[in-house]
$ cat run-v8.txt   # compact mmCIF, C-alpha atoms and all ligand atoms
# COMPACT_ATOMS: atom_id res chain seq x y z
CA MET A 821 34.26 123.88 155.47
CA LEU A 822 31.72 123.93 158.25
CA ARG A 823 29.91 120.65 158.41
CA SER A 824 26.21 120.37 158.98
CA GLY A 825 25.59 119.92 162.66
CA ALA A 826 28.44 122.18 163.69
CA ALA A 827 27.63 124.96 166.08
CA PRO A 828 26.34 128.10 164.34
CA HIS A 829 28.59 130.23 166.52
CA ALA A 830 31.55 128.19 165.43
CA ARG A 831 33.82 131.03 164.47
CA THR A 832 34.51 134.48 165.72
CA GLY A 833 36.38 136.71 163.38
CA SER A 834 38.91 134.31 161.95
CA PRO A 835 39.56 133.45 158.35
CA SER A 836 36.64 131.61 156.86
CA SER A 837 38.06 128.17 156.30
CA VAL A 838 39.07 125.73 158.98
CA SER A 839 42.20 123.61 158.85
CA ILE A 840 43.16 120.02 159.43
CA LEU A 841 46.02 120.14 161.92
CA LYS A 842 49.11 117.99 162.07
CA VAL A 843 48.80 115.39 164.84
CA ALA A 844 51.73 114.87 167.24
CA ARG A 845 52.67 111.24 167.78
CA ILE A 846 54.23 109.64 170.84
CA GLY A 847 57.88 110.49 170.99
CA HIS A 848 57.12 114.16 170.45
CA PRO A 849 57.65 115.86 173.84
CA VAL A 850 54.37 117.81 173.59
CA VAL A 851 52.42 114.56 173.97
CA ARG A 852 54.13 113.91 177.31
CA ALA A 853 54.05 117.44 178.72
CA SER A 854 51.56 118.65 181.33
CA ALA A 855 49.38 121.23 179.60
CA ARG A 856 48.57 124.59 181.15
CA ASP A 857 45.18 126.07 181.97
CA LEU A 858 43.53 128.52 179.60
CA ALA A 859 42.83 132.00 180.94
CA SER A 860 39.21 133.07 180.41
CA ASP A 861 40.14 135.96 178.12
CA GLU A 862 42.31 133.56 176.18
CA LEU A 863 39.39 131.18 175.67
CA HIS A 864 37.43 133.99 174.08
CA SER A 865 40.23 134.96 171.72
CA PRO A 866 39.80 134.42 167.97
CA GLU A 867 42.93 132.30 168.05
CA ILE A 868 41.53 129.77 170.53
CA GLN A 869 38.08 129.81 168.93
CA ARG A 870 39.79 129.01 165.66
CA LEU A 871 41.83 126.28 167.34
CA ILE A 872 38.60 124.67 168.61
CA ASP A 873 37.15 124.71 165.08
CA ASP A 874 40.35 123.24 163.68
CA MET A 875 40.40 120.53 166.36
CA LYS A 876 36.86 119.55 165.41
CA GLU A 877 37.82 119.41 161.74
CA THR A 878 40.92 117.36 162.55
CA MET A 879 38.97 114.94 164.75
CA ASP A 880 36.39 114.49 162.00
CA GLU A 881 39.01 114.01 159.31
CA TYR A 882 40.74 111.21 161.20
CA GLU A 883 37.47 109.73 162.46
CA GLY A 884 38.37 110.22 166.09
CA VAL A 885 35.88 110.52 168.93
CA GLY A 886 38.06 112.95 170.85
CA LEU A 887 41.13 115.13 170.45
CA ALA A 888 43.21 117.00 173.00
CA ALA A 889 45.14 120.20 172.27
CA PRO A 890 48.57 118.65 173.06
CA GLN A 891 47.90 116.23 170.20
CA VAL A 892 47.94 119.20 167.82
CA HIS A 893 51.08 120.70 169.37
CA ARG A 894 49.29 123.09 171.71
CA SER A 895 50.08 122.45 175.36
CA LEU A 896 46.75 123.77 176.67
CA ARG A 897 44.07 122.18 178.86
CA LEU A 898 41.59 121.94 176.04
CA ALA A 899 39.95 118.95 174.36
CA VAL A 900 37.00 118.15 172.14
CA ILE A 901 34.75 115.08 172.06
CA GLU A 902 32.05 113.95 169.65
CA VAL A 903 30.61 110.45 169.37
CA GLN A 904 28.22 109.49 166.60
CA ALA A 905 25.18 107.38 167.45
CA SER A 906 26.38 104.93 164.79
CA ASP A 907 29.52 104.13 166.81
CA GLU A 908 29.12 100.51 167.86
CA ARG A 909 30.77 101.01 171.21
CA THR A 910 28.54 103.72 172.51
CA GLU A 911 25.16 103.58 174.17
CA GLN A 912 24.27 107.02 172.83
CA ALA A 913 25.56 109.85 170.73
CA VAL A 914 27.62 112.57 172.38
CA PRO A 915 27.20 115.96 170.68
CA PHE A 916 30.25 118.06 169.93
CA THR A 917 31.59 119.01 173.36
CA VAL A 918 34.40 121.40 174.28
CA LEU A 919 36.35 120.69 177.48
CA ALA A 920 38.35 123.70 178.63
CA ASN A 921 40.24 123.42 181.92
CA PRO A 922 38.45 120.16 182.73
CA VAL A 923 38.37 118.66 186.22
CA LEU A 924 37.68 114.94 186.32
CA THR A 925 36.29 113.05 189.30
CA ARG A 926 35.99 109.28 189.19
CA LEU A 927 32.70 108.12 190.74
CA GLY A 928 32.34 104.81 192.50
CA THR A 929 34.66 101.85 192.23
CA GLU A 930 33.37 100.05 189.17
CA ILE A 931 36.01 99.54 186.48
CA LEU A 932 35.24 98.60 182.89
CA THR A 933 37.79 97.37 180.39
CA GLY A 934 37.41 98.39 176.75
CA TRP A 935 39.33 98.94 173.55
CA GLU A 936 41.03 102.26 172.90
CA GLY A 937 43.05 103.74 170.11
CA CYS A 938 44.72 107.12 169.81
CA LEU A 939 45.54 109.40 166.91
CA SER A 940 48.96 109.94 168.52
CA ILE A 941 49.64 106.18 168.49
CA PRO A 942 48.62 105.26 164.96
CA ASP A 943 47.40 101.83 163.97
CA LEU A 944 47.30 100.29 167.45
CA ARG A 945 44.52 99.26 169.80
CA GLY A 946 44.62 98.03 173.36
CA LEU A 947 42.35 97.04 176.23
CA VAL A 948 42.24 99.72 178.91
CA PRO A 949 40.56 99.61 182.32
CA ARG A 950 38.69 102.82 183.14
CA SER A 951 36.26 104.03 185.77
CA ALA A 952 32.71 103.25 184.72
CA ARG A 953 31.38 106.61 185.89
CA VAL A 954 32.92 110.04 186.09
CA ARG A 955 31.98 113.63 186.79
CA LEU A 956 33.38 116.21 184.42
CA GLU A 957 33.50 119.90 185.34
CA ALA A 958 34.77 122.16 182.57
CA LEU A 959 34.19 125.34 180.62
CA ASP A 960 32.49 125.34 177.25
CA ARG A 961 33.81 127.36 174.34
CA GLU A 962 32.09 130.48 175.61
CA GLY A 963 33.72 130.07 179.01
CA ARG A 964 30.54 128.92 180.73
CA PRO A 965 31.07 126.28 183.42
CA TYR A 966 29.18 123.03 183.09
CA THR A 967 29.06 119.70 184.90
CA VAL A 968 28.34 116.34 183.30
CA GLU A 969 28.06 112.93 184.89
CA ALA A 970 28.98 110.34 182.31
CA GLU A 971 29.14 106.59 182.14
CA GLY A 972 30.08 103.92 179.67
CA PHE A 973 31.85 104.95 176.49
CA PHE A 974 31.47 108.69 177.07
CA ALA A 975 33.14 108.28 180.47
CA ARG A 976 35.96 106.36 178.78
CA VAL A 977 36.56 109.08 176.20
CA ILE A 978 36.53 111.81 178.86
CA GLN A 979 39.19 109.93 180.84
CA HIS A 980 41.29 109.33 177.73
CA GLU A 981 41.22 113.02 176.73
CA CYS A 982 41.84 114.33 180.26
CA ASP A 983 44.84 112.00 180.49
CA HIS A 984 46.31 113.70 177.41
CA LEU A 985 46.30 117.02 179.29
CA ASP A 986 48.58 115.46 181.92
CA GLY A 987 50.89 113.94 179.32
CA ARG A 988 49.44 110.44 179.65
CA VAL A 989 48.39 108.08 176.89
CA TYR A 990 46.28 104.94 177.07
CA LEU A 991 49.35 102.69 176.96
CA ASP A 992 50.20 103.98 180.46
CA ARG A 993 46.80 102.76 181.71
CA MET A 994 46.94 99.26 180.26
CA GLU A 995 47.38 96.50 182.81
CA ASP A 996 48.15 93.75 180.33
CA MET A 997 50.08 94.71 177.22
CA ARG A 998 49.25 91.40 175.56
CA SER A 999 46.05 92.85 174.14
CA LEU A 1000 47.98 95.48 172.19
CA SER A 1001 47.15 94.89 168.54
CA PHE A 1002 47.70 96.42 165.16
CA PHE A 1003 44.49 97.61 163.55
CA LYS A 1004 44.33 94.87 160.95
CA GLU A 1005 44.87 92.10 163.48
CA PHE A 1006 42.45 93.79 165.87
CA ARG A 1007 39.76 93.73 163.18
CA THR A 1008 40.49 90.11 162.38
CA TYR A 1009 40.80 88.65 165.86
CA ALA A 1010 39.43 91.00 168.45
CA ALA A 1011 36.47 93.19 167.90
CA PRO A 1012 34.12 95.80 166.73
CA ASP A 1013 34.41 99.14 165.13
CA PRO A 1014 37.32 101.11 166.56
CA ASP A 1015 37.60 104.85 166.61
CA GLU A 1016 40.49 106.81 167.92
CA ALA A 1017 40.74 109.56 170.43
NI NI A 1101 44.34 109.92 172.33
$ encode --input "run-v8.txt" --output "C-alpha cells" --more "lines below"
Ligand code: NI
Amino acid sequence: MLRSGAAPHARTGSPSSVSILKVARIGHPVVRASARDLASDELHSPEIQRLIDDMKETMDEYEGVGLAAPQVHRSLRLAVIEVQASDERTEQAVPFTVLANPVLTRLGTEILTGWEGCLSIPDLRGLVPRSARVRLEALDREGRPYTVEAEGFFARVIQHECDHLDGRVYLDRMEDMRSLSFFKEFRTYAAPDPDEA
C-alpha cells in the first residue's frame, strides 16, 4: 500500500504492492560488511526502485527514522531517512530522502551526544556522540546528485545510516556503555520518545 505523502513516482514497473522486509540483526554478517556502491543503471532498475519502496514501507512499519540496505540483507550503499515533525527529538521534519552512494563530511568540531536505537539491535538505546553538523553528498532515487548540509537530529540520523554502509552500528560509537538501556528502562529512567534507525 502506498501511503499518503509517498512520492508519486514511487514505483517503476514492479508488482503493485510493496513489502515489509525482514530486518537483519547484529550477529548476521551482512550488518558488519562494507556495502558496495550502486551503479547508475542499477539505481534505475525496477529491482532497486522496488527495494527503495520496500525500505520505506519497512521503516514505516517499525517506526524507524532511517534504514540502510544492509539492514534488509542487501549489501549496497543505499539508505532511506524520514523524520516526522512530531518526533520529539527533531527540530524539523525531514521528508522521505533516498541516499544512494552517500559521501559524508563532518563539518566543524562540535560534538553532540544523543540517544540512538537501531532496528538491527532491538529493544536497546544508548547515548552516542556525533558531529553536530555534516555535509551529505548523494544520489536521489533518480540518480540525480544532491548536497545537503544538516545539523541536529537530521545530522545524527545521516551519520547513523552512513555508518551502516561501512558495517558499523551505534554501539561502536558509544564512549560510555553505561548508558545502554533496554527500551522499558529507558522510558522509565532516561528520556523522551525514541525512534530507531
Ligand atoms: Ni540502525
$ atom_distance --input "run-v8.txt" --atom1 "CA of Ala958 (chain A)" --atom2 "CA of Ser860 (chain A)"
12.0 Å
$ closest_atom_pairs --input "run-v8.txt" --of "chain A" --to "ligand NI 1101 (chain A)" --cutoff "7 Å" --atoms "all atoms listed in the file" --output "tab-separated table"
residue	atom	partner	partner_atom	distance
A:Leu887	CA	A:NI1101	NI	6.4
A:Gly937	CA	A:NI1101	NI	6.7
A:Cys938	CA	A:NI1101	NI	3.8
A:Leu939	CA	A:NI1101	NI	5.6
A:Ser940	CA	A:NI1101	NI	6.0
A:His980	CA	A:NI1101	NI	6.2
A:Glu981	CA	A:NI1101	NI	6.2
A:His984	CA	A:NI1101	NI	6.6
A:Val989	CA	A:NI1101	NI	6.4
A:Glu1016	CA	A:NI1101	NI	6.6
A:Ala1017	CA	A:NI1101	NI	4.1
$ residues_around --input "run-v8.txt" --residues "Glu902 (chain A)" --least-positions-apart "3" --cutoff "7 Å" --atoms "all atoms listed in the file" --output "number ranges by chain"
A: 885-886, 914-917
$ write_last_selection --input "run-v8.txt" --atoms "C-alpha atoms" --output "tab-separated table (two decimals), in the coordinates of the input"
chain	number	residue	atom	x	y	z
A	885	VAL	CA	35.88	110.52	168.93
A	886	GLY	CA	38.06	112.95	170.85
A	914	VAL	CA	27.62	112.57	172.38
A	915	PRO	CA	27.20	115.96	170.68
A	916	PHE	CA	30.25	118.06	169.93
A	917	THR	CA	31.59	119.01	173.36
$ closest_atom_pairs --input "run-v8.txt" --of "region 900-1004 of chain A" --to "region 866-876 of chain A" --cutoff "12 Å" --atoms "all atoms listed in the file" --output "Markdown table"
| residue | atom | partner | partner_atom | distance |
| --- | --- | --- | --- | --- |
| A:Val900 | CA | A:Lys876 | CA | 6.9 |
| A:Ile901 | CA | A:Lys876 | CA | 8.3 |
| A:Glu902 | CA | A:Lys876 | CA | 8.5 |
| A:Val903 | CA | A:Lys876 | CA | 11.7 |
| A:Pro915 | CA | A:Lys876 | CA | 11.6 |
| A:Phe916 | CA | A:Lys876 | CA | 8.1 |
| A:Thr917 | CA | A:Lys876 | CA | 9.6 |
| A:Val918 | CA | A:Ile872 | CA | 7.8 |
| A:Leu919 | CA | A:Ile872 | CA | 10.0 |
| A:Ala920 | CA | A:Ile872 | CA | 10.1 |
| A:Asp960 | CA | A:Ile872 | CA | 10.6 |
| A:Arg961 | CA | A:Gln869 | CA | 7.3 |
| A:Glu962 | CA | A:Gln869 | CA | 9.0 |
| A:Gly963 | CA | A:Gln869 | CA | 11.0 |
$ atom_distance --input "run-v8.txt" --atom1 "CA of Asp857 (chain A)" --atom2 "CA of Ser837 (chain A)"
26.7 Å
$ closest_residue --input "run-v8.txt" --among "A:Asp880, A:Glu969, A:Glu862, A:Asp992" --to "Thr925 (chain A)" --atoms "only C-alpha atoms"
A:Glu969
$ closest_residue --input "run-v8.txt" --among "A:Pro965, A:Pro949, A:Gly987, A:Pro922" --to "Trp935 (chain A)" --atoms "all atoms listed in the file"
A:Pro949
$ build_atoms --input "run-v8.txt" --residues "region 832-856 of chain A" --atoms "N, CA, C and O atoms" --output "mmCIF file, keeping the file's coordinate frame"
data_model
loop_
_atom_site.group_PDB
_atom_site.id
_atom_site.type_symbol
_atom_site.label_atom_id
_atom_site.label_comp_id
_atom_site.auth_asym_id
_atom_site.auth_seq_id
_atom_site.Cartn_x
_atom_site.Cartn_y
_atom_site.Cartn_z
ATOM 1 N N THR A 832 34.626 133.081 165.347
ATOM 2 C CA THR A 832 34.510 134.480 165.720
ATOM 3 C C THR A 832 35.668 135.257 165.110
ATOM 4 O O THR A 832 36.726 135.391 165.696
ATOM 5 N N GLY A 833 35.455 135.744 163.951
ATOM 6 C CA GLY A 833 36.380 136.710 163.380
ATOM 7 C C GLY A 833 37.671 136.165 162.821
ATOM 8 O O GLY A 833 38.628 136.903 162.652
ATOM 9 N N SER A 834 37.711 134.880 162.546
ATOM 10 C CA SER A 834 38.910 134.310 161.950
ATOM 11 C C SER A 834 38.679 134.110 160.456
ATOM 12 O O SER A 834 37.566 134.229 159.973
ATOM 13 N N PRO A 835 39.738 133.771 159.758
ATOM 14 C CA PRO A 835 39.560 133.450 158.350
ATOM 15 C C PRO A 835 38.485 132.392 158.156
ATOM 16 O O PRO A 835 38.247 131.572 159.038
ATOM 17 N N SER A 836 37.885 132.354 157.014
ATOM 18 C CA SER A 836 36.640 131.610 156.860
ATOM 19 C C SER A 836 36.821 130.107 156.809
ATOM 20 O O SER A 836 35.907 129.377 157.140
ATOM 21 N N SER A 837 37.952 129.607 156.410
ATOM 22 C CA SER A 837 38.060 128.170 156.300
ATOM 23 C C SER A 837 38.800 127.590 157.491
ATOM 24 O O SER A 837 39.693 128.224 158.053
ATOM 25 N N VAL A 838 38.387 126.388 157.876
ATOM 26 C CA VAL A 838 39.070 125.730 158.980
ATOM 27 C C VAL A 838 40.152 124.815 158.417
ATOM 28 O O VAL A 838 40.170 124.513 157.229
ATOM 29 N N SER A 839 41.037 124.375 159.302
ATOM 30 C CA SER A 839 42.200 123.610 158.850
ATOM 31 C C SER A 839 42.269 122.256 159.535
ATOM 32 O O SER A 839 41.858 122.116 160.684
ATOM 33 N N ILE A 840 42.815 121.308 158.820
ATOM 34 C CA ILE A 840 43.160 120.020 159.430
ATOM 35 C C ILE A 840 44.580 120.156 159.958
ATOM 36 O O ILE A 840 45.499 120.505 159.220
ATOM 37 N N LEU A 841 44.737 119.902 161.256
ATOM 38 C CA LEU A 841 46.020 120.140 161.920
ATOM 39 C C LEU A 841 46.885 118.893 161.904
ATOM 40 O O LEU A 841 46.387 117.763 161.845
ATOM 41 N N LYS A 842 48.182 119.105 161.985
ATOM 42 C CA LYS A 842 49.110 117.990 162.070
ATOM 43 C C LYS A 842 49.045 117.385 163.479
ATOM 44 O O LYS A 842 49.070 118.111 164.479
ATOM 45 N N VAL A 843 48.940 116.073 163.555
ATOM 46 C CA VAL A 843 48.800 115.390 164.840
ATOM 47 C C VAL A 843 50.180 114.935 165.339
ATOM 48 O O VAL A 843 50.945 114.303 164.604
ATOM 49 N N ALA A 844 50.475 115.287 166.604
ATOM 50 C CA ALA A 844 51.730 114.870 167.240
ATOM 51 C C ALA A 844 51.621 113.412 167.665
ATOM 52 O O ALA A 844 50.619 112.997 168.255
ATOM 53 N N ARG A 845 52.650 112.645 167.379
ATOM 54 C CA ARG A 845 52.670 111.240 167.780
ATOM 55 C C ARG A 845 53.547 111.048 169.003
ATOM 56 O O ARG A 845 54.374 111.907 169.335
ATOM 57 N N ILE A 846 53.384 109.905 169.670
ATOM 58 C CA ILE A 846 54.230 109.640 170.840
ATOM 59 C C ILE A 846 55.691 109.673 170.424
ATOM 60 O O ILE A 846 56.050 109.227 169.330
ATOM 61 N N GLY A 847 56.491 110.210 171.306
ATOM 62 C CA GLY A 847 57.880 110.490 170.990
ATOM 63 C C GLY A 847 58.095 111.983 170.888
ATOM 64 O O GLY A 847 59.160 112.491 171.241
ATOM 65 N N HIS A 848 57.049 112.704 170.424
ATOM 66 C CA HIS A 848 57.120 114.160 170.450
ATOM 67 C C HIS A 848 56.891 114.618 171.893
ATOM 68 O O HIS A 848 55.901 114.226 172.509
ATOM 69 N N PRO A 849 57.771 115.475 172.424
ATOM 70 C CA PRO A 849 57.650 115.860 173.840
ATOM 71 C C PRO A 849 56.295 116.494 174.199
ATOM 72 O O PRO A 849 55.853 116.361 175.340
ATOM 73 N N VAL A 850 55.636 117.134 173.240
ATOM 74 C CA VAL A 850 54.370 117.810 173.590
ATOM 75 C C VAL A 850 53.310 116.817 174.053
ATOM 76 O O VAL A 850 52.441 117.152 174.868
ATOM 77 N N VAL A 851 53.404 115.578 173.581
ATOM 78 C CA VAL A 851 52.420 114.560 173.970
ATOM 79 C C VAL A 851 52.595 114.171 175.436
ATOM 80 O O VAL A 851 51.652 113.744 176.103
ATOM 81 N N ARG A 852 53.814 114.335 175.945
ATOM 82 C CA ARG A 852 54.130 113.910 177.310
ATOM 83 C C ARG A 852 54.210 115.060 178.299
ATOM 84 O O ARG A 852 54.502 114.860 179.484
ATOM 85 N N ALA A 853 53.976 116.273 177.836
ATOM 86 C CA ALA A 853 54.050 117.440 178.720
ATOM 87 C C ALA A 853 52.721 117.630 179.444
ATOM 88 O O ALA A 853 51.662 117.234 178.953
ATOM 89 N N SER A 854 52.782 118.228 180.641
ATOM 90 C CA SER A 854 51.560 118.650 181.330
ATOM 91 C C SER A 854 51.117 119.969 180.723
ATOM 92 O O SER A 854 51.886 120.932 180.683
ATOM 93 N N ALA A 855 49.872 120.016 180.268
ATOM 94 C CA ALA A 855 49.380 121.230 179.600
ATOM 95 C C ALA A 855 48.961 122.267 180.627
ATOM 96 O O ALA A 855 48.634 121.943 181.771
ATOM 97 N N ARG A 856 48.940 123.516 180.221
ATOM 98 C CA ARG A 856 48.570 124.590 181.150
ATOM 99 C C ARG A 856 47.115 125.009 180.948
ATOM 100 O O ARG A 856 46.542 124.851 179.863
#
